[in-house]
>>> print(open('input18.pdb').read())   # PDB, C-alpha atoms and all ligand atoms
ATOM      1  CA  MET X   1      12.580 -19.338  11.766
ATOM      2  CA  ALA X   2      11.616 -16.105  13.534
ATOM      3  CA  ASP X   3      14.627 -14.357  15.062
ATOM      4  CA  VAL X   4      13.350 -13.277  18.491
ATOM      5  CA  THR X   5      16.662 -11.618  19.321
ATOM      6  CA  ARG X   6      15.382  -8.758  17.161
ATOM      7  CA  ALA X   7      12.488  -8.558  19.615
ATOM      8  CA  TRP X   8      14.977  -7.450  22.252
ATOM      9  CA  SER X   9      16.646  -4.195  21.226
ATOM     10  CA  ASP X  10      20.221  -3.915  22.454
ATOM     11  CA  GLU X  11      19.549  -1.737  25.509
ATOM     12  CA  ASP X  12      16.797  -4.135  26.564
ATOM     13  CA  MET X  13      18.802  -7.238  25.846
ATOM     14  CA  PRO X  14      18.255  -9.434  28.893
ATOM     15  CA  ASP X  15      21.020 -10.813  31.054
ATOM     16  CA  PRO X  16      23.428 -12.694  28.753
ATOM     17  CA  GLU X  17      23.379 -15.567  31.275
ATOM     18  CA  ILE X  18      20.084 -16.705  29.836
ATOM     19  CA  PRO X  19      20.622 -20.281  28.677
ATOM     20  CA  LEU X  20      20.595 -20.545  24.897
ATOM     21  CA  ASP X  21      18.037 -23.361  25.107
ATOM     22  CA  LEU X  22      15.496 -20.881  26.553
ATOM     23  CA  VAL X  23      16.209 -18.454  23.723
ATOM     24  CA  GLU X  24      15.659 -21.323  21.276
ATOM     25  CA  LEU X  25      12.446 -22.387  23.015
ATOM     26  CA  LEU X  26      11.112 -18.823  22.852
ATOM     27  CA  ASP X  27      12.191 -18.474  19.235
ATOM     28  CA  LEU X  28      10.174 -21.592  18.441
ATOM     29  CA  ALA X  29       7.159 -20.469  20.498
ATOM     30  CA  VAL X  30       7.032 -17.144  18.609
ATOM     31  CA  ASP X  31       7.436 -18.864  15.251
ATOM     32  CA  LEU X  32       4.645 -21.325  16.068
ATOM     33  CA  ALA X  33       2.301 -18.579  17.295
ATOM     34  CA  HIS X  34       2.889 -16.467  14.186
ATOM     35  CA  GLY X  35       2.389 -19.461  11.878
ATOM     36  CA  ALA X  36      -0.842 -20.511  13.596
ATOM     37  CA  GLY X  37      -1.932 -16.868  13.654
ATOM     38  CA  ARG X  38      -1.742 -16.705   9.859
ATOM     39  CA  ILE X  39      -3.914 -19.837   9.578
ATOM     40  CA  VAL X  40      -6.490 -18.437  12.020
ATOM     41  CA  ARG X  41      -6.659 -15.069  10.252
ATOM     42  CA  ASP X  42      -7.039 -16.747   6.831
ATOM     43  CA  ARG X  43      -9.761 -19.120   8.059
ATOM     44  CA  GLN X  44     -11.757 -16.268   9.607
ATOM     45  CA  ALA X  45     -12.351 -14.901   6.124
ATOM     46  CA  GLY X  46     -14.247 -18.064   5.052
ATOM     47  CA  ASP X  47     -17.272 -20.003   6.256
ATOM     48  CA  LEU X  48     -16.537 -21.788   9.487
ATOM     49  CA  ALA X  49     -17.821 -25.151  10.683
ATOM     50  CA  VAL X  50     -18.701 -24.803  14.396
ATOM     51  CA  ALA X  51     -19.402 -27.466  17.020
ATOM     52  CA  ALA X  52     -20.282 -27.430  20.732
ATOM     53  CA  LYS X  53     -17.997 -28.935  23.396
ATOM     54  CA  SER X  54     -18.677 -29.037  27.170
ATOM     55  CA  THR X  55     -21.872 -26.955  26.942
ATOM     56  CA  PRO X  56     -23.992 -25.594  24.054
ATOM     57  CA  THR X  57     -22.134 -22.254  24.362
ATOM     58  CA  ASP X  58     -18.609 -23.737  24.581
ATOM     59  CA  LEU X  59     -17.833 -23.668  20.877
ATOM     60  CA  VAL X  60     -14.969 -24.911  18.685
ATOM     61  CA  THR X  61     -14.469 -24.036  15.037
ATOM     62  CA  GLU X  62     -12.527 -25.827  12.368
ATOM     63  CA  ALA X  63     -10.086 -22.885  12.575
ATOM     64  CA  ASP X  64      -9.289 -23.868  16.190
ATOM     65  CA  ARG X  65      -8.643 -27.414  14.976
ATOM     66  CA  ALA X  66      -6.552 -26.341  11.967
ATOM     67  CA  SER X  67      -4.440 -24.088  14.184
ATOM     68  CA  GLU X  68      -3.834 -26.896  16.676
ATOM     69  CA  ARG X  69      -3.008 -29.369  13.894
ATOM     70  CA  PHE X  70      -0.375 -26.928  12.589
ATOM     71  CA  LEU X  71       1.148 -26.435  16.061
ATOM     72  CA  VAL X  72       1.318 -30.168  16.753
ATOM     73  CA  GLU X  73       2.774 -31.027  13.323
ATOM     74  CA  GLN X  74       5.458 -28.356  13.719
ATOM     75  CA  LEU X  75       6.389 -29.582  17.198
ATOM     76  CA  ARG X  76       6.462 -33.192  16.048
ATOM     77  CA  ALA X  77       8.879 -32.215  13.262
ATOM     78  CA  ARG X  78      11.068 -29.777  15.188
ATOM     79  CA  ARG X  79      11.033 -31.175  18.749
ATOM     80  CA  PRO X  80       9.898 -34.824  18.426
ATOM     81  CA  GLY X  81      10.932 -35.643  22.020
ATOM     82  CA  ASP X  82       8.644 -33.091  23.667
ATOM     83  CA  SER X  83       5.208 -33.626  25.214
ATOM     84  CA  VAL X  84       2.189 -31.697  23.995
ATOM     85  CA  LEU X  85      -1.175 -30.786  25.549
ATOM     86  CA  GLY X  86      -3.640 -28.816  23.456
ATOM     87  CA  GLU X  87      -7.137 -27.441  24.116
ATOM     88  CA  GLU X  88      -8.675 -29.240  21.178
ATOM     89  CA  GLY X  89      -7.510 -32.666  22.284
ATOM     90  CA  ALA X  90      -3.882 -32.913  21.226
ATOM     91  CA  GLU X  91      -2.023 -35.038  23.753
ATOM     92  CA  GLN X  92       1.428 -36.438  23.058
ATOM     93  CA  ALA X  93       3.867 -37.925  25.550
ATOM     94  CA  GLY X  94       7.614 -37.296  25.230
ATOM     95  CA  SER X  95      10.909 -38.042  26.945
ATOM     96  CA  SER X  96      12.643 -34.626  26.872
ATOM     97  CA  GLY X  97      10.997 -33.283  30.022
ATOM     98  CA  ILE X  98       9.567 -30.334  28.068
ATOM     99  CA  ARG X  99       5.796 -30.007  27.650
ATOM    100  CA  TRP X 100       4.061 -27.551  25.320
ATOM    101  CA  LEU X 101       0.697 -26.074  26.361
ATOM    102  CA  LEU X 102      -1.271 -24.977  23.304
ATOM    103  CA  ASP X 103      -4.379 -22.804  22.997
ATOM    104  CA  PRO X 104      -4.869 -22.626  19.214
ATOM    105  CA  ILE X 105      -7.445 -19.825  19.544
ATOM    106  CA  ASP X 106      -7.930 -18.298  22.974
ATOM    107  CA  GLY X 107     -11.095 -16.229  22.771
ATOM    108  CA  THR X 108     -12.947 -18.460  20.301
ATOM    109  CA  ILE X 109     -16.260 -16.670  20.830
ATOM    110  CA  ASN X 110     -14.624 -13.317  20.020
ATOM    111  CA  PHE X 111     -13.095 -14.966  16.930
ATOM    112  CA  LEU X 112     -16.541 -16.150  15.833
ATOM    113  CA  TYR X 113     -18.097 -12.713  16.424
ATOM    114  CA  ARG X 114     -15.156 -11.094  14.622
ATOM    115  CA  LEU X 115     -14.258  -9.182  17.786
ATOM    116  CA  PRO X 116     -10.498  -8.572  17.287
ATOM    117  CA  GLN X 117      -9.583  -9.817  20.773
ATOM    118  CA  PHE X 118      -8.291 -13.390  20.466
ATOM    119  CA  ALA X 119      -4.879 -14.997  20.421
ATOM    120  CA  VAL X 120      -2.722 -18.035  19.816
ATOM    121  CA  SER X 121      -1.141 -18.937  23.149
ATOM    122  CA  VAL X 122       1.958 -21.169  23.298
ATOM    123  CA  ALA X 123       3.950 -22.059  26.418
ATOM    124  CA  ALA X 124       6.737 -24.534  27.189
ATOM    125  CA  GLU X 125       7.145 -25.921  30.698
ATOM    126  CA  ARG X 126       9.477 -28.293  32.538
ATOM    127  CA  ALA X 127       8.434 -30.030  35.766
ATOM    128  CA  GLY X 128       5.362 -27.810  35.981
ATOM    129  CA  GLN X 129       7.408 -24.579  35.704
ATOM    130  CA  THR X 130       6.675 -22.422  32.654
ATOM    131  CA  LEU X 131       9.982 -21.604  30.930
ATOM    132  CA  VAL X 132       8.809 -19.501  27.966
ATOM    133  CA  GLY X 133       5.491 -18.133  26.780
ATOM    134  CA  CYS X 134       4.128 -16.343  23.717
ATOM    135  CA  VAL X 135       0.675 -14.801  23.217
ATOM    136  CA  HIS X 136       0.016 -13.499  19.684
ATOM    137  CA  ASN X 137      -3.075 -11.589  18.509
ATOM    138  CA  PRO X 138      -3.207 -12.258  14.740
ATOM    139  CA  VAL X 139      -5.490  -9.257  14.099
ATOM    140  CA  SER X 140      -3.539  -6.551  15.966
ATOM    141  CA  GLY X 141      -0.250  -8.318  15.226
ATOM    142  CA  GLU X 142       0.834  -7.824  18.840
ATOM    143  CA  THR X 143       3.180 -10.488  20.231
ATOM    144  CA  PHE X 144       3.695 -10.777  23.978
ATOM    145  CA  MET X 145       6.642 -12.892  25.106
ATOM    146  CA  ALA X 146       8.384 -13.910  28.309
ATOM    147  CA  VAL X 147      11.327 -16.009  29.512
ATOM    148  CA  ALA X 148      11.380 -17.290  33.092
ATOM    149  CA  GLY X 149      13.775 -15.166  35.141
ATOM    150  CA  ALA X 150      14.558 -12.846  32.222
ATOM    151  CA  GLY X 151      11.594 -10.586  31.642
ATOM    152  CA  ALA X 152       8.587  -9.946  29.428
ATOM    153  CA  TRP X 153       8.189  -8.007  26.164
ATOM    154  CA  LEU X 154       5.576  -6.717  23.809
ATOM    155  CA  GLY X 155       7.499  -6.806  20.550
ATOM    156  CA  SER X 156      10.746  -5.045  21.464
ATOM    157  CA  ARG X 157       9.285  -3.104  24.397
ATOM    158  CA  ARG X 158      10.158  -4.449  27.831
ATOM    159  CA  LEU X 159       7.056  -4.702  30.013
ATOM    160  CA  THR X 160       6.521  -3.636  33.624
ATOM    161  CA  ALA X 161       3.112  -4.144  35.219
ATOM    162  CA  HIS X 162       2.226  -0.686  36.523
ATOM    163  CA  GLY X 163      -1.408   0.182  35.787
ATOM    164  CA  PRO X 164      -2.464   3.740  36.765
ATOM    165  CA  ALA X 165      -4.353   2.782  39.950
ATOM    166  CA  SER X 166      -2.669   3.301  43.341
ATOM    167  CA  SER X 167      -5.397   1.393  45.167
ATOM    168  CA  LEU X 168      -8.243  -1.045  44.466
ATOM    169  CA  GLU X 169     -10.994   1.599  44.482
ATOM    170  CA  HIS X 170      -9.287   3.203  41.471
ATOM    171  CA  ALA X 171      -8.587  -0.056  39.669
ATOM    172  CA  VAL X 172      -9.812  -1.201  36.271
ATOM    173  CA  LEU X 173     -10.143  -4.953  36.564
ATOM    174  CA  GLY X 174     -10.614  -7.710  33.982
ATOM    175  CA  THR X 175     -12.416 -11.014  34.506
ATOM    176  CA  GLY X 176     -14.222 -13.759  32.615
ATOM    177  CA  PHE X 177     -17.025 -16.294  32.935
ATOM    178  CA  SER X 178     -17.542 -19.999  32.524
ATOM    179  CA  TYR X 179     -19.395 -21.720  29.685
ATOM    180  CA  ASP X 180     -21.375 -23.456  32.465
ATOM    181  CA  ALA X 181     -24.521 -21.469  33.429
ATOM    182  CA  ALA X 182     -24.561 -22.531  37.106
ATOM    183  CA  ARG X 183     -20.922 -21.593  37.521
ATOM    184  CA  ARG X 184     -21.577 -18.246  35.813
ATOM    185  CA  ALA X 185     -24.293 -17.559  38.381
ATOM    186  CA  SER X 186     -21.775 -18.120  41.217
ATOM    187  CA  GLN X 187     -19.195 -15.989  39.427
ATOM    188  CA  GLY X 188     -21.858 -13.276  39.153
ATOM    189  CA  ARG X 189     -22.437 -13.367  42.911
ATOM    190  CA  VAL X 190     -18.704 -12.887  43.538
ATOM    191  CA  LEU X 191     -18.561 -10.070  40.990
ATOM    192  CA  ALA X 192     -21.482  -8.327  42.712
ATOM    193  CA  GLY X 193     -19.223  -8.067  45.760
ATOM    194  CA  VAL X 194     -16.226  -6.902  43.709
ATOM    195  CA  LEU X 195     -17.933  -4.168  41.618
ATOM    196  CA  PRO X 196     -18.571  -1.614  44.410
ATOM    197  CA  ARG X 197     -14.896  -1.944  45.460
ATOM    198  CA  ILE X 198     -13.268  -1.184  42.086
ATOM    199  CA  ALA X 199     -13.413   1.715  39.601
ATOM    200  CA  ASN X 200     -14.495  -0.314  36.556
ATOM    201  CA  LEU X 201     -14.634  -3.729  34.929
ATOM    202  CA  ARG X 202     -13.596  -5.118  31.551
ATOM    203  CA  ARG X 203     -14.768  -8.484  30.140
ATOM    204  CA  LEU X 204     -12.465  -8.738  27.100
ATOM    205  CA  GLY X 205     -12.967 -12.437  26.377
ATOM    206  CA  ALA X 206      -9.495 -13.998  26.156
ATOM    207  CA  ALA X 207      -7.666 -14.905  29.386
ATOM    208  CA  SER X 208      -4.222 -15.026  27.741
ATOM    209  CA  LEU X 209      -4.562 -11.431  26.480
ATOM    210  CA  ASP X 210      -6.166 -10.243  29.727
ATOM    211  CA  LEU X 211      -3.080 -11.462  31.626
ATOM    212  CA  CYS X 212      -0.763  -9.773  29.110
ATOM    213  CA  PHE X 213      -2.772  -6.545  29.484
ATOM    214  CA  VAL X 214      -1.956  -6.536  33.220
ATOM    215  CA  ALA X 215       1.707  -6.910  32.220
ATOM    216  CA  ALA X 216       1.363  -4.000  29.797
ATOM    217  CA  GLY X 217      -0.416  -1.671  32.258
ATOM    218  CA  ARG X 218      -3.705  -1.804  30.275
ATOM    219  CA  LEU X 219      -5.483  -3.400  33.255
ATOM    220  CA  ASP X 220      -4.641  -3.002  36.933
ATOM    221  CA  ALA X 221      -5.710  -6.559  37.690
ATOM    222  CA  TYR X 222      -7.429  -9.654  36.321
ATOM    223  CA  TYR X 223      -8.905 -12.742  37.932
ATOM    224  CA  GLU X 224     -10.861 -15.712  36.633
ATOM    225  CA  GLN X 225     -12.052 -19.053  37.894
ATOM    226  CA  GLY X 226     -12.069 -22.295  35.916
ATOM    227  CA  LEU X 227      -9.224 -21.618  33.490
ATOM    228  CA  ALA X 228      -7.405 -24.525  31.857
ATOM    229  CA  PRO X 229      -3.581 -24.717  31.782
ATOM    230  CA  TRP X 230      -3.499 -23.804  28.068
ATOM    231  CA  ASP X 231      -5.628 -20.660  28.687
ATOM    232  CA  MET X 232      -3.251 -19.221  31.290
ATOM    233  CA  ALA X 233       0.300 -20.665  31.158
ATOM    234  CA  ALA X 234       1.868 -18.185  28.724
ATOM    235  CA  GLY X 235      -0.085 -15.153  29.971
ATOM    236  CA  LEU X 236       0.751 -15.879  33.621
ATOM    237  CA  LEU X 237       4.461 -15.979  32.780
ATOM    238  CA  VAL X 238       4.226 -12.673  30.873
ATOM    239  CA  ALA X 239       2.420 -11.064  33.823
ATOM    240  CA  ARG X 240       4.817 -12.517  36.395
ATOM    241  CA  GLU X 241       7.942 -11.544  34.449
ATOM    242  CA  ALA X 242       6.562  -7.999  34.051
ATOM    243  CA  GLY X 243       6.407  -7.716  37.845
ATOM    244  CA  ALA X 244       2.706  -8.400  38.435
ATOM    245  CA  VAL X 245       1.730 -10.335  41.556
ATOM    246  CA  VAL X 246       0.477 -13.666  40.218
ATOM    247  CA  SER X 247      -1.307 -16.053  42.584
ATOM    248  CA  GLY X 248      -4.336 -18.120  43.536
ATOM    249  CA  LEU X 249      -5.950 -17.431  46.895
ATOM    250  CA  ARG X 250      -5.117 -18.532  50.443
ATOM    251  CA  GLY X 251      -1.431 -18.842  49.568
ATOM    252  CA  ARG X 252      -2.093 -21.209  46.674
ATOM    253  CA  PRO X 253      -0.577 -20.845  43.199
ATOM    254  CA  PRO X 254      -2.860 -19.853  40.306
ATOM    255  CA  ASP X 255      -4.819 -22.896  39.097
ATOM    256  CA  GLY X 256      -8.222 -23.992  37.812
ATOM    257  CA  ARG X 257      -9.861 -22.802  41.011
ATOM    258  CA  ILE X 258      -8.790 -19.206  40.432
ATOM    259  CA  ALA X 259      -5.961 -17.267  38.814
ATOM    260  CA  VAL X 260      -5.196 -13.691  39.884
ATOM    261  CA  ALA X 261      -2.712 -11.227  38.371
ATOM    262  CA  ALA X 262      -2.460  -7.699  39.710
ATOM    263  CA  THR X 263      -0.085  -4.787  39.962
ATOM    264  CA  PRO X 264       1.742  -4.594  43.321
ATOM    265  CA  ALA X 265      -0.355  -1.484  44.112
ATOM    266  CA  VAL X 266      -3.683  -3.368  44.173
ATOM    267  CA  ALA X 267      -2.748  -7.064  44.635
ATOM    268  CA  GLY X 268      -3.022  -7.159  48.423
ATOM    269  CA  GLU X 269      -6.456  -5.521  48.648
ATOM    270  CA  LEU X 270      -7.817  -7.598  45.773
ATOM    271  CA  THR X 271      -6.633 -10.909  47.232
ATOM    272  CA  VAL X 272      -8.219 -10.141  50.612
ATOM    273  CA  LEU X 273     -11.493  -9.135  48.960
ATOM    274  CA  LEU X 274     -11.632 -12.244  46.739
ATOM    275  CA  GLU X 275     -10.899 -14.475  49.762
ATOM    276  CA  GLU X 276     -13.677 -12.774  51.775
ATOM    277  CA  LEU X 277     -16.070 -13.371  48.852
ATOM    278  CA  GLY X 278     -15.078 -17.047  48.512
ATOM    279  CA  ALA X 279     -14.074 -16.417  44.899
ATOM    280  CA  ASP X 280     -12.053 -19.646  44.812
ATOM    281  CA  ASP X 281     -15.091 -21.714  45.655
ATOM    282  CA  VAL X 282     -17.443 -21.222  42.660
TER
HETATM  283  C1  LIG O   1     -11.835 -18.596  27.039
HETATM  284  C2  LIG O   1     -11.005 -17.788  28.000
HETATM  285  C3  LIG O   1     -11.883 -16.733  28.681
HETATM  286  C4  LIG O   1     -12.964 -17.407  29.435
HETATM  287  C5  LIG O   1     -13.785 -18.260  28.509
HETATM  288  C6  LIG O   1     -12.912 -19.284  27.778
HETATM  289  P1  LIG O   1     -11.385 -20.211  24.987
HETATM  290  O1  LIG O   1     -11.024 -19.554  26.435
HETATM  291  O2  LIG O   1      -9.994 -17.147  27.310
HETATM  292  O3  LIG O   1     -11.142 -15.949  29.567
HETATM  293  O4  LIG O   1     -13.773 -16.452  30.057
HETATM  294  O5  LIG O   1     -14.752 -18.919  29.284
HETATM  295  O6  LIG O   1     -12.377 -20.192  28.693
HETATM  296  O7  LIG O   1     -12.503 -21.208  25.244
HETATM  297  O8  LIG O   1     -11.803 -19.138  24.060
HETATM  298  O9  LIG O   1     -10.101 -20.884  24.572
END
>>> encode(input="input18.pdb", output="structure tokens")
Amino acid sequence: MADVTRAWSDEDMPDPEIPLDLVELLDLAVDLAHGAGRIVRDRQAGDLAVAAKSTPTDLVTEADRASERFLVEQLRARRPGDSVLGEEGAEQAGSSGIRWLLDPIDGTINFLYRLPQFAVSVAAERAGQTLVGCVHNPVSGETFMAVAGAGAWLGSRRLTAHGPASSLEHAVLGTGFSYDAARRASQGRVLAGVLPRIANLRRLGAASLDLCFVAAGRLDAYYEQGLAPWDMAAGLLVAREAGAVVSGLRGRPPDGRIAVAATPAVAGELTVLLEELGADDV
């Protein structure tokens, strides 16, 4: 069992009022993400069976499935009363009130192309509120973590979302695109309106890591339409707990329509621009 308390060095130790059950949930999330990360890294070395899902370009590999099998088996053994929802089809009802959202490989296309930008994303929620989240990149070894109301960390470093930009025109922004061609065309139209208003764009290929990069000050902002709960739950909590402004548009929370995370310095301008461009209607 990973000992996440080591992830928080003494001076960064969060408020001792944090309920032990949240510490235990995070400890488990980190352990699960590291375990699945080892499986994913080992499978990448071999030949991979690949299949298409919603569209010919929405791919799943047997490494995605092996990672999800591991996560579900571990949860069944260690928290049999919890519910589970996983990208590759895992769905298990429970009575504890806790639900785990699992993305066994977020950034599957990067994984297939051996681009070292993919992650195992694990989050636990209660009544729709994310309690803990962990995003682990098995290639870089980086582990992003957060506890609701207590903060966000990269390893033992406490995170605060303060990218360099003081305004949108200086911002480096991340985004992503759908596996559906027609939706990508609409996303492209929105992006055409965004590009002249920002400094630069990054399409890194894994929503969970993109959100954590806003938390770590590696991006000033990120938005994407059409994300699933397992893509964004853990990363949104990391961004929010690092002090990023996390939202949808028009006063809505982040959801499958659109999820936005931005530093306080650029959030207001970006939200107005995305609303003007109808970014939540693609
Ligand atoms: C991916 C997201 C990415 C998005 C892709 C896809 P997957 O998740 O992380 O941000 O642009 O369309 O949804 O499919 O690799 O788990």
>>> residues_near_ligand(input="input18.pdb", ligand="ligand LIG 1 (chain O)", cutoff="10 Å", atoms="all atoms listed in the file", output="PDB file with C-alpha atoms, keeping the file's coordinate frame")
ATOM      1  CA  LYS X  53     -17.997 -28.935  23.396  1.00  0.00           C
ATOM      2  CA  THR X  57     -22.134 -22.254  24.362  1.00  0.00           C
ATOM      3  CA  ASP X  58     -18.609 -23.737  24.581  1.00  0.00           C
ATOM      4  CA  LEU X  59     -17.833 -23.668  20.877  1.00  0.00           C
ATOM      5  CA  VAL X  60     -14.969 -24.911  18.685  1.00  0.00           C
ATOM      6  CA  ASP X  64      -9.289 -23.868  16.190  1.00  0.00           C
ATOM      7  CA  GLU X  87      -7.137 -27.441  24.116  1.00  0.00           C
ATOM      8  CA  GLU X  88      -8.675 -29.240  21.178  1.00  0.00           C
ATOM      9  CA  LEU X 102      -1.271 -24.977  23.304  1.00  0.00           C
ATOM     10  CA  ASP X 103      -4.379 -22.804  22.997  1.00  0.00           C
ATOM     11  CA  PRO X 104      -4.869 -22.626  19.214  1.00  0.00           C
ATOM     12  CA  ILE X 105      -7.445 -19.825  19.544  1.00  0.00           C
ATOM     13  CA  ASP X 106      -7.930 -18.298  22.974  1.00  0.00           C
ATOM     14  CA  GLY X 107     -11.095 -16.229  22.771  1.00  0.00           C
ATOM     15  CA  THR X 108     -12.947 -18.460  20.301  1.00  0.00           C
ATOM     16  CA  ILE X 109     -16.260 -16.670  20.830  1.00  0.00           C
ATOM     17  CA  ASN X 110     -14.624 -13.317  20.020  1.00  0.00           C
ATOM     18  CA  PHE X 111     -13.095 -14.966  16.930  1.00  0.00           C
ATOM     19  CA  LEU X 112     -16.541 -16.150  15.833  1.00  0.00           C
ATOM     20  CA  GLN X 117      -9.583  -9.817  20.773  1.00  0.00           C
ATOM     21  CA  PHE X 118      -8.291 -13.390  20.466  1.00  0.00           C
ATOM     22  CA  ALA X 119      -4.879 -14.997  20.421  1.00  0.00           C
ATOM     23  CA  VAL X 120      -2.722 -18.035  19.816  1.00  0.00           C
ATOM     24  CA  SER X 121      -1.141 -18.937  23.149  1.00  0.00           C
ATOM     25  CA  GLY X 174     -10.614  -7.710  33.982  1.00  0.00           C
ATOM     26  CA  THR X 175     -12.416 -11.014  34.506  1.00  0.00           C
ATOM     27  CA  GLY X 176     -14.222 -13.759  32.615  1.00  0.00           C
ATOM     28  CA  PHE X 177     -17.025 -16.294  32.935  1.00  0.00           C
ATOM     29  CA  SER X 178     -17.542 -19.999  32.524  1.00  0.00           C
ATOM     30  CA  TYR X 179     -19.395 -21.720  29.685  1.00  0.00           C
ATOM     31  CA  ASP X 180     -21.375 -23.456  32.465  1.00  0.00           C
ATOM     32  CA  ARG X 184     -21.577 -18.246  35.813  1.00  0.00           C
ATOM     33  CA  ARG X 203     -14.768  -8.484  30.140  1.00  0.00           C
ATOM     34  CA  LEU X 204     -12.465  -8.738  27.100  1.00  0.00           C
ATOM     35  CA  GLY X 205     -12.967 -12.437  26.377  1.00  0.00           C
ATOM     36  CA  ALA X 206      -9.495 -13.998  26.156  1.00  0.00           C
ATOM     37  CA  ALA X 207      -7.666 -14.905  29.386  1.00  0.00           C
ATOM     38  CA  SER X 208      -4.222 -15.026  27.741  1.00  0.00           C
ATOM     39  CA  LEU X 209      -4.562 -11.431  26.480  1.00  0.00           C
ATOM     40  CA  ASP X 210      -6.166 -10.243  29.727  1.00  0.00           C
ATOM     41  CA  LEU X 211      -3.080 -11.462  31.626  1.00  0.00           C
ATOM     42  CA  TYR X 222      -7.429  -9.654  36.321  1.00  0.00           C
ATOM     43  CA  TYR X 223      -8.905 -12.742  37.932  1.00  0.00           C
ATOM     44  CA  GLU X 224     -10.861 -15.712  36.633  1.00  0.00           C
ATOM     45  CA  GLN X 225     -12.052 -19.053  37.894  1.00  0.00           C
ATOM     46  CA  GLY X 226     -12.069 -22.295  35.916  1.00  0.00           C
ATOM     47  CA  LEU X 227      -9.224 -21.618  33.490  1.00  0.00           C
ATOM     48  CA  ALA X 228      -7.405 -24.525  31.857  1.00  0.00           C
ATOM     49  CA  TRP X 230      -3.499 -23.804  28.068  1.00  0.00           C
ATOM     50  CA  ASP X 231      -5.628 -20.660  28.687  1.00  0.00           C
ATOM     51  CA  MET X 232      -3.251 -19.221  31.290  1.00  0.00           C
TER      52      MET X 232
END
>>> closest_residue(input="input18.pdb", among="X:Leu277, X:Ala265, X:Leu237, X:Val272", to="Gly133 (chain X)", atoms="all atoms listed in the file")
X:Leu237
>>> atom_distance(input="input18.pdb", atom1="CA of Asp255 (chain X)", atom2="CA of Phe144 (chain X)")
21.2 Å
>>> atom_distance(input="input18.pdb", atom1="CA of Ala66 (chain X)", atom2="CA of Asp47 (chain X)")
13.7 Å
>>> atom_distance(input="input18.pdb", atom1="CA of Arg189 (chain X)", atom2="CA of Ala261 (chain X)")
20.4 Å
>>> resolve_selection(input="input18.pdb", expression="the PyMOL selection byres (((chain X and resi 151) around 10) and not hetatm)", output="list of chain:residue names")
X:Asp12, X:Met13, X:Pro14, X:Asp15, X:Met145, X:Ala146, X:Val147, X:Ala148, X:Gly149, X:Ala150, X:Ala152, X:Trp153, X:Arg158, X:Leu159, X:Thr160, X:Leu237, X:Val238, X:Ala239, X:Arg240, X:Glu241, X:Ala242, X:Gly243
>>> closest_residue(input="input18.pdb", among="X:Glu62, X:Leu48, X:Ile258, X:Thr143", to="Gly278 (chain X)", atoms="all atoms listed in the file")
X:Ile258
>>> closest_residue(input="input18.pdb", among="X:Leu201, X:Ala185, X:Ile98, X:Ala279", to="Glu169 (chain X)", atoms="only C-alpha atoms")
X:Leu201
>>> residues_around(input="input18.pdb", residues="Leu249 (chain X)", least_positions_apart="5", cutoff="7 Å", atoms="only C-alpha atoms", output="ChimeraX atom specification")
/X:271,275,280
>>> closest_residue(input="input18.pdb", among="X:Asn137, X:Ala161, X:Ser95, X:Ser67", to="Pro80 (chain X)", atoms="only C-alpha atoms")
X:Ser95
>>> resolve_selection(input="input18.pdb", expression="the PyMOL selection byres (((chain X and resi 26) around 10) and not hetatm)", output="list in words")
Ala2, Asp3, Val4, Thr5, Leu20, Asp21, Leu22, Val23, Glu24, Leu25, Asp27, Leu28, Ala29, Val30, Asp31, Leu32, Val122, Ala123, Ala124, Leu131, Val132, Gly133, Cys134, Met145, Ala146 and Val147 of chain X
>>> write_last_selection(input="input18.pdb", atoms="C-alpha atoms", output="compact mmCIF listing (two decimals), in the coordinates of the input")
# COMPACT_ATOMS: atom_id res chain seq x y z
CA ALA X 2 11.62 -16.10 13.53
CA ASP X 3 14.63 -14.36 15.06
CA VAL X 4 13.35 -13.28 18.49
CA THR X 5 16.66 -11.62 19.32
CA LEU X 20 20.60 -20.54 24.90
CA ASP X 21 18.04 -23.36 25.11
CA LEU X 22 15.50 -20.88 26.55
CA VAL X 23 16.21 -18.45 23.72
CA GLU X 24 15.66 -21.32 21.28
CA LEU X 25 12.45 -22.39 23.02
CA ASP X 27 12.19 -18.47 19.24
CA LEU X 28 10.17 -21.59 18.44
CA ALA X 29 7.16 -20.47 20.50
CA VAL X 30 7.03 -17.14 18.61
CA ASP X 31 7.44 -18.86 15.25
CA LEU X 32 4.64 -21.32 16.07
CA VAL X 122 1.96 -21.17 23.30
CA ALA X 123 3.95 -22.06 26.42
CA ALA X 124 6.74 -24.53 27.19
CA LEU X 131 9.98 -21.60 30.93
CA VAL X 132 8.81 -19.50 27.97
CA GLY X 133 5.49 -18.13 26.78
CA CYS X 134 4.13 -16.34 23.72
CA MET X 145 6.64 -12.89 25.11
CA ALA X 146 8.38 -13.91 28.31
CA VAL X 147 11.33 -16.01 29.51
>>> axis_aligned_box(input="input18.pdb", around="region 143-149 of chain X", padding_each_side="6 Å", output="lines of an AutoDock Vina configuration file")
center_x = 8.5
center_y = -13.9
center_z = 27.7
size_x = 22.6
size_y = 18.8
size_z = 26.9
>>> residues_around(input="input18.pdb", residues="Gly248 (chain X)", least_positions_apart="2", cutoff="8 Å", atoms="all atoms listed in the file", output="ChimeraX atom specification")
/X:246,250-255,257-260,280
>>> closest_residue(input="input18.pdb", among="X:Pro138, X:Pro19, X:Ala90, X:Leu115", to="Gly35 (chain X)", atoms="all atoms listed in the file")
X:Pro138
>>> closest_residue(input="input18.pdb", among="X:Gly94, X:Gly155, X:Gly89, X:Pro116", to="Gln44 (chain X)", atoms="only C-alpha atoms")
X:Pro116
